[in-house]
Each structure stands twice: as structure tokens, then as C-alpha cells.
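Below is model22.cif, which holds mmCIF, C-alpha atoms and all ligand atoms.
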data_run
#
loop_
_atom_site.label_atom_id
_atom_site.label_comp_id
_atom_site.auth_asym_id
_atom_site.auth_seq_id
_atom_site.Cartn_x
_atom_site.Cartn_y
_atom_site.Cartn_z
CA MET A 1 -20.01 -5.13 -15.77
CA ILE A 2 -17.92 -4.38 -12.69
CA GLU A 3 -19.50 -5.11 -9.30
CA TRP A 4 -16.46 -4.76 -7.06
CA VAL A 5 -13.44 -2.45 -7.16
CA LEU A 6 -10.53 -3.53 -4.97
CA PHE A 7 -8.19 -0.64 -4.27
CA ASP A 8 -4.60 -0.85 -3.18
CA ALA A 9 -3.93 1.79 -0.47
CA ASP A 10 -0.33 3.04 -0.58
CA ASP A 11 0.36 5.34 -3.53
CA THR A 12 -3.03 4.45 -5.01
CA LEU A 13 -5.46 6.10 -2.59
CA PHE A 14 -2.94 7.55 -0.13
CA ASP A 15 0.12 9.70 -0.83
CA PHE A 16 2.42 7.27 0.86
CA ARG A 17 5.82 8.55 -0.25
CA ARG A 18 5.19 12.10 0.89
CA ALA A 19 3.94 10.92 4.28
CA ALA A 20 6.87 8.51 4.64
CA LYS A 21 9.44 11.21 3.94
CA LEU A 22 7.90 13.66 6.40
CA ALA A 23 7.54 10.99 9.08
CA PHE A 24 11.11 9.79 8.53
CA PHE A 25 12.73 13.15 9.29
CA GLN A 26 10.24 14.03 12.03
CA THR A 27 11.24 10.83 13.84
CA PHE A 28 14.90 11.92 13.91
CA GLU A 29 13.85 15.36 15.14
CA ALA A 30 11.55 14.01 17.85
CA LEU A 31 14.37 11.80 19.15
CA LYS A 32 16.83 14.73 18.95
CA LEU A 33 19.03 12.86 16.49
CA GLU A 34 20.92 14.41 13.62
CA SER A 35 19.94 13.34 10.11
CA GLU A 36 21.11 13.86 6.57
CA PRO A 37 18.77 14.40 3.60
CA ALA A 38 20.28 11.47 1.67
CA TRP A 39 19.30 8.98 4.36
CA PHE A 40 15.68 8.79 3.25
CA GLU A 41 16.68 7.32 -0.12
CA VAL A 42 18.93 4.83 1.69
CA TYR A 43 16.05 3.90 3.99
CA GLU A 44 13.78 3.39 0.97
CA ILE A 45 16.20 0.83 -0.45
CA TYR A 46 16.22 -1.16 2.81
CA ASN A 47 12.47 -0.75 3.21
CA LYS A 48 11.80 -2.04 -0.31
CA ALA A 49 14.06 -5.03 0.29
CA VAL A 50 12.34 -6.03 3.54
CA TRP A 51 8.89 -5.64 1.97
CA THR A 52 9.94 -7.99 -0.81
CA GLU A 53 11.09 -10.50 1.82
CA TYR A 54 7.79 -10.02 3.63
CA GLU A 55 5.71 -10.47 0.47
CA ASN A 56 7.63 -13.66 -0.25
CA HIS A 57 6.88 -14.95 3.23
CA LYS A 58 10.54 -14.90 4.30
CA ILE A 59 10.08 -12.57 7.27
CA ASP A 60 7.13 -11.53 9.45
CA GLY A 61 5.78 -8.06 10.19
CA GLN A 62 7.69 -7.66 13.46
CA THR A 63 10.98 -8.42 11.74
CA LEU A 64 10.10 -6.03 8.94
CA ARG A 65 9.47 -3.23 11.45
CA SER A 66 12.94 -3.33 12.98
CA LYS A 67 15.04 -4.73 10.13
CA ARG A 68 14.55 -1.76 7.81
CA PHE A 69 15.89 0.73 10.37
CA ALA A 70 18.61 -1.63 11.57
CA GLY A 71 19.71 -1.79 7.92
CA LEU A 72 19.73 1.98 7.61
CA PHE A 73 21.67 2.50 10.85
CA SER A 74 24.31 -0.02 9.79
CA HIS A 75 24.53 1.56 6.35
CA ILE A 76 25.28 5.00 7.83
CA LYS A 77 27.84 3.36 10.11
CA GLN A 78 25.88 4.15 13.28
CA PRO A 79 24.47 0.73 14.17
CA ASP A 80 23.71 1.85 17.74
CA LEU A 81 22.04 5.14 16.78
CA HIS A 82 18.73 4.09 18.32
CA ASP A 83 16.74 0.94 19.04
CA PRO A 84 15.38 0.14 15.55
CA ALA A 85 12.06 -1.24 16.83
CA ALA A 86 11.41 1.83 18.99
CA PHE A 87 12.44 4.12 16.14
CA ASN A 88 9.98 2.28 13.92
CA ASP A 89 7.13 2.64 16.47
CA LEU A 90 7.48 6.41 16.49
CA TYR A 91 7.90 6.51 12.72
CA LEU A 92 4.60 4.63 12.24
CA LYS A 93 2.74 7.05 14.51
CA LEU A 94 4.07 10.00 12.53
CA LEU A 95 3.30 8.20 9.27
CA VAL A 96 -0.37 8.05 10.21
CA GLU A 97 -0.35 11.71 11.28
CA ASN A 98 1.14 12.78 7.95
CA SER A 99 -1.14 10.67 5.77
CA HIS A 100 -3.26 12.26 3.06
CA LEU A 101 -5.39 11.03 0.21
CA LEU A 102 -3.97 11.47 -3.27
CA ASP A 103 -5.50 14.05 -5.62
CA GLY A 104 -8.71 12.73 -7.04
CA ALA A 105 -9.07 9.83 -4.61
CA LEU A 106 -11.96 11.29 -2.64
CA ASP A 107 -13.77 12.41 -5.80
CA LEU A 108 -13.41 8.92 -7.22
CA LEU A 109 -14.71 7.22 -4.08
CA ASN A 110 -17.68 9.58 -4.01
CA ALA A 111 -18.39 8.94 -7.69
CA LEU A 112 -18.36 5.15 -7.26
CA HIS A 113 -20.14 5.11 -3.90
CA GLY A 114 -23.50 3.37 -4.17
CA LYS A 115 -22.81 2.24 -7.76
CA VAL A 116 -20.29 -0.51 -7.09
CA LYS A 117 -18.99 -2.17 -3.97
CA MET A 118 -15.49 -1.25 -2.89
CA ALA A 119 -12.77 -2.77 -0.73
CA VAL A 120 -9.20 -1.94 0.25
CA ILE A 121 -6.59 -4.63 -0.33
CA THR A 122 -3.31 -3.61 1.20
CA ASN A 123 0.06 -5.07 2.03
CA GLY A 124 0.35 -2.98 5.08
CA LEU A 125 0.92 -2.95 8.76
CA HIS A 126 -2.03 -3.18 11.09
CA ASP A 127 -0.98 -0.12 13.11
CA VAL A 128 -0.84 2.08 9.99
CA GLN A 129 -3.64 1.01 7.68
CA ARG A 130 -6.69 1.13 9.92
CA PRO A 131 -5.79 4.33 11.85
CA ARG A 132 -5.04 6.06 8.56
CA ILE A 133 -8.36 5.09 6.97
CA LYS A 134 -10.10 6.27 10.12
CA LYS A 135 -8.18 9.54 10.21
CA GLN A 136 -9.12 10.32 6.59
CA ASN A 137 -12.77 9.46 7.28
CA VAL A 138 -13.11 7.12 4.31
CA GLY A 139 -13.91 3.85 6.08
CA HIS A 140 -17.60 4.02 5.18
CA PHE A 141 -16.79 3.66 1.48
CA PHE A 142 -15.40 0.16 1.93
CA ALA A 143 -17.27 -3.05 2.56
CA GLU A 144 -13.98 -4.76 3.42
CA ILE A 145 -10.46 -3.75 4.37
CA VAL A 146 -7.98 -6.58 4.03
CA VAL A 147 -4.64 -5.88 5.72
CA SER A 148 -1.94 -8.40 4.90
CA GLU A 149 -0.37 -8.37 8.35
CA GLU A 150 -3.66 -9.29 9.99
CA ILE A 151 -4.21 -12.38 7.85
CA GLY A 152 -0.65 -13.66 7.54
CA CYS A 153 -0.33 -13.49 3.77
CA ALA A 154 0.18 -10.72 1.23
CA LYS A 155 -0.44 -9.75 -2.38
CA PRO A 156 0.42 -11.28 -4.87
CA GLN A 157 -0.08 -14.58 -3.02
CA VAL A 158 -3.17 -16.48 -4.12
CA GLU A 159 -4.03 -17.09 -0.43
CA TYR A 160 -4.44 -13.36 0.05
CA PHE A 161 -7.02 -13.16 -2.74
CA GLU A 162 -8.76 -16.34 -1.59
CA TYR A 163 -9.21 -14.81 1.84
CA THR A 164 -10.46 -11.55 0.32
CA PHE A 165 -12.95 -13.33 -1.93
CA ARG A 166 -14.38 -15.37 0.92
CA ASN A 167 -14.98 -12.12 2.80
CA LEU A 168 -16.60 -10.50 -0.22
CA GLY A 169 -18.99 -13.46 -0.59
CA ASN A 170 -17.21 -14.96 -3.62
CA PRO A 171 -18.34 -12.60 -6.40
CA PRO A 172 -17.82 -13.71 -10.05
CA LYS A 173 -14.17 -13.03 -10.83
CA ASP A 174 -14.92 -11.32 -14.13
CA ARG A 175 -16.88 -8.65 -12.25
CA VAL A 176 -13.99 -7.60 -10.03
CA LEU A 177 -11.39 -4.95 -10.87
CA VAL A 178 -8.14 -4.47 -8.95
CA VAL A 179 -6.69 -0.93 -9.01
CA GLY A 180 -3.11 -0.48 -7.86
CA ASP A 181 0.25 1.14 -8.54
CA ASN A 182 2.45 -1.91 -8.02
CA LEU A 183 3.06 -4.29 -10.90
CA SER A 184 4.41 -7.15 -8.82
CA SER A 185 1.89 -7.16 -5.97
CA ASP A 186 -1.29 -5.62 -7.44
CA ILE A 187 -1.17 -6.48 -11.12
CA GLN A 188 0.55 -9.85 -10.77
CA GLY A 189 -1.72 -10.75 -7.85
CA ALA A 190 -4.84 -9.94 -9.86
CA LYS A 191 -3.59 -11.93 -12.87
CA ASN A 192 -2.67 -14.97 -10.79
CA TYR A 193 -6.14 -15.04 -9.31
CA GLY A 194 -7.93 -14.42 -12.62
CA LEU A 195 -9.04 -10.84 -12.00
CA LYS A 196 -8.97 -7.77 -14.25
CA SER A 197 -6.53 -5.11 -13.22
CA CYS A 198 -5.90 -1.42 -13.69
CA TRP A 199 -2.38 -0.08 -13.25
CA TYR A 200 -2.27 3.39 -11.73
CA ASN A 201 0.84 4.82 -13.33
CA PRO A 202 0.78 8.59 -12.71
CA SER A 203 4.35 9.22 -13.85
CA GLY A 204 4.03 7.24 -17.08
CA LYS A 205 6.72 4.66 -16.29
CA GLU A 206 7.51 2.00 -18.85
CA ASN A 207 6.08 -1.40 -17.95
CA PRO A 208 9.05 -3.79 -18.23
CA GLY A 209 6.75 -6.83 -17.98
CA PRO A 210 5.96 -9.61 -17.44
CA HIS A 211 2.81 -8.39 -15.66
CA PHE A 212 0.48 -6.49 -17.97
CA PRO A 213 -2.86 -5.06 -16.83
CA GLU A 214 -6.10 -4.74 -18.83
CA TYR A 215 -6.08 -0.99 -18.13
CA GLU A 216 -3.41 1.60 -17.46
CA ILE A 217 -4.23 5.07 -16.17
CA ARG A 218 -2.39 8.32 -15.37
CA GLY A 219 -5.14 9.85 -13.22
CA LEU A 220 -7.50 8.28 -10.70
CA ASP A 221 -10.48 9.96 -12.40
CA GLU A 222 -10.02 7.48 -15.28
CA VAL A 223 -11.18 4.63 -13.03
CA ARG A 224 -14.67 6.09 -13.07
CA GLU A 225 -14.93 5.74 -16.85
CA ILE A 226 -13.62 2.15 -16.75
CA VAL A 227 -16.03 1.09 -14.02
CA LEU A 228 -19.18 3.02 -14.87
CA GLY A 229 -18.65 3.27 -18.66
MG MG A 301 0.69 0.66 -3.60
#

Turn this file's structure into C-alpha cells for me.
Ligand SMILES: [Mg+2]
Amino acid sequence: MIEWVLFDADDTLFDFRRAAKLAFFQTFEALKLESEPAWFEVYEIYNKAVWTEYENHKIDGQTLRSKRFAGLFSHIKQPDLHDPAAFNDLYLKLLVENSHLLDGALDLLNALHGKVKMAVITNGLHDVQRPRIKKQNVGHFFAEIVVSEEIGCAKPQVEYFEYTFRNLGNPPKDRVLVVGDNLSSDIQGAKNYGLKSCWYNPSGKENPGPHFPEYEIRGLDEVREIVLG
């Protein structure tokens, strides 16, 4: 029996990639800077790299904020295009404005509401995660929202899950399900801490291992069946 469902936020409940792409180009426009369509994919490479460094405790959130855009600007051979930290600040504001729930997320939260307890566990930035949850009016579904930047550790670190469990009142681990799209942070993190996990894999990617979940789903509606039976 599942008592708690711990949801990842980006690309599990929220359509992060769409919002990120819109916010990326809107930031260039707002600053009256030229941009090229290919730059978003370049940015994604730098962004992914800094998030990996952040998740491995090599850099902090402030460094992450500026380093990803500094990397992009150097890559496009315009290192002085704009102050990377200021560019990032505007980007984050636009990211919140462009945020939307994924298809089926609201239906799922409504279906589980009152039947199990729910929390958000996210490797995110303070100035994105909370405003976005507020903007989408879904805060009341969650008993806890654990934002990595606020607590100084991130999924898949055991410390992140220890902190979360203390805040949930230490429920039995076998009654907790983690739902997320990321094999290394969500699924590995759940495994390391002894929790069941459900991999949200809407595009049907191959799982290269070594982190295998108990459940794998294509649509968020499938979580309901797993949790409520
Ligand atoms: Mg995610």
C-alpha cells in the first residue's frame, strides 16, 4: 500500500523543456539581442553539464546560474554578449511565466488528492520552483515541497532523501513511491534510499541502466493505477 507519492517537478509535472525554450528566446528579445535557433540546443548542453556538477556538489546554485550562460556566450564566440548572471535572472522570470503543467498532471493530482499524501521533490532553483507552483495553483496538493537549492543537497544524494523523510515524519520506506523522468536523479536516488520508483518515460526511451525502476509509464494517468490499484 502506498501512503506517499513523491513527484519530481521538471518534465514530470511541469512541461519544463517547452517553457525553457520559450523563455530562452524571449530573454534575447527582451534584451534586444540577436539570437539563432540553434543556440537553444547549445545552451541545453551547457545547462545539463552544470546541473550534473551541481548534483555532484561541485558547484553551488549561484555558480550554476551564471556558468551556463557564460558557457553559451563563449561557445558562440560572443563572451561579452551580456552579463551572464543578469541574463539568467531575466531568463528565470520568463521561465516561471511560461510554465505549464504537463497533460494529465492536474487530473492525476485531483485523482490522488485525499487518498494518498503527496510531496514535490525537485532539484531546482528557489526562484523558479515555488513561484511556478504558486502560479499553477497546485500548492495545496502537496504536504511538502523540497527544493534542492534551499537545503544544500540534491537528488540522488542520500542526504536529500534523509531531509525529505524527516519532514514527512519518517513514513515506512516501502509505502513511498517516487515518480520522476530522470534515471540518474529520481530513479537512482529512490533506489539508493530504499524507495520504490516509477519512471515517467513518455517517449519510450531505452533504459541503458544501471538504474531500473519498479514501474515504467508512458502516461501520467498510469500512476493512478499503480497507487490506488
Ligand atoms: Mg525531471

Can you tell me which residues surround Asn182 in chain A at a distance of at most 9 Å, considering all atoms listed in the file, apart from same-chain residues fewer than 5 positions away, and format the answer as an mmCIF file with C-alpha atoms, in the frame of the given file?
data_model
loop_
_atom_site.group_PDB
_atom_site.id
_atom_site.type_symbol
_atom_site.label_atom_id
_atom_site.label_comp_id
_atom_site.auth_asym_id
_atom_site.auth_seq_id
_atom_site.Cartn_x
_atom_site.Cartn_y
_atom_site.Cartn_z
ATOM 1 C CA ASP A 8 -4.600 -0.850 -3.180
ATOM 2 C CA ASP A 11 0.360 5.340 -3.530
ATOM 3 C CA THR A 12 -3.030 4.450 -5.010
ATOM 4 C CA ILE A 187 -1.170 -6.480 -11.120
ATOM 5 C CA GLN A 188 0.550 -9.850 -10.770
ATOM 6 C CA TRP A 199 -2.380 -0.080 -13.250
ATOM 7 C CA TYR A 200 -2.270 3.390 -11.730
ATOM 8 C CA ASN A 201 0.840 4.820 -13.330
#

Next on the checklist: Between CA of His113 in chain A and CA of Leu13 in chain A, what is the distance in Å, rounded to a tenth?
Outcome noted: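 Distance reported for this atom pair: 14.8 Å.
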
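The smallest atom-to-atom distance between ligand MG 301 (chain A) and any of A:Pro84, A:Pro210, A:Gly71, A:Gly124, using all atoms listed in the file, is found for A:Gly124.
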
Gap from CA of Glu55 in chain A to CA of Val128 in chain A - Å, one decimal
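Separation between CA of Glu55 in chain A and CA of Val128 in chain A: 17.1 Å.
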
- Once you count only C-alpha atoms, which residues end up no further than 10 Å from (1.9, 4.7, 12.9) in the file's frame, shown as a VMD selection string? chain A and resid 23 88 to 99 125 to 132

May I have the residues within 7 Å of range 30-46 of chain A as a compact mmCIF listing (two decimals) with C-alpha atoms, keeping the file's coordinate frame, using all atoms listed in the file and disregarding those fewer than 3 positions away in the same chain?
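Dumped to out-v4.txt:
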# COMPACT_ATOMS: atom_id res chain seq x y z
CA LYS A 21 9.44 11.21 3.94
CA GLN A 26 10.24 14.03 12.03
CA THR A 27 11.24 10.83 13.84
CA ALA A 49 14.06 -5.03 0.29
CA VAL A 50 12.34 -6.03 3.54
CA ARG A 68 14.55 -1.76 7.81
CA GLY A 71 19.71 -1.79 7.92
CA LEU A 72 19.73 1.98 7.61

task = Do a neighbour search on Ser148 in chain A at 9 Å with all atoms listed in the file, toss out local chain neighbours closer than 5 positions, and write the hits as a list in words.
result =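 Here the answer would be Ile121, Thr122, Asn123, Gly124, Leu125, His126, Cys153, Ala154, Lys155 and Tyr160 of chain A.
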
I want to know what sits within 10 Å of Lys196 in chain A, based on all atoms listed in the file, with residues of the same chain fewer than 2 positions away left out; could you give that as a PyMOL selection string?
chain A and resi 2+5+173-179+187+190-191+193-194+198+213-215

One decimal place gives the CA of Leu109 in chain A-CA of Asp181 in chain A separation as 16.8 Å

Practice task
List the neighbours of His140 in chain A out to 10 Å using all atoms listed in the file; skip same-chain residues closer than 4 positions along the sequence, and give me the result as a PyMOL selection string.
Solution key: chain A and resi 113+118+133-134+144

For ligand MG 301 (chain A), the closest of A:His75, A:Asn167, A:Gly104, A:Asp10 counting all atoms listed in the file is A:Asp10

Taking into account all atoms listed in the file, which residue in the set A:His82, A:Pro202, A:Ala9, A:Glu3 is nearest to Ile145 in chain A?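 Closest residue, counting all atoms listed in the file: A:Ala9.
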
One residue among A:Asp103, A:Trp51, A:Lys115, A:Pro171 is nearest to Arg218 in chain A when using only C-alpha atoms, and that residue is A:Asp103

Shortest contact to ligand MG 301 (chain A), candidates A:Gly209, A:Asp80, A:Gly180, A:Ile226, atoms counted all atoms listed in the file, goes to A:Gly180

Of A:Thr63, A:Asn207, A:Asn56, A:Leu102, the one sitting nearest Ala85 in chain A when using only C-alpha atoms is A:Thr63
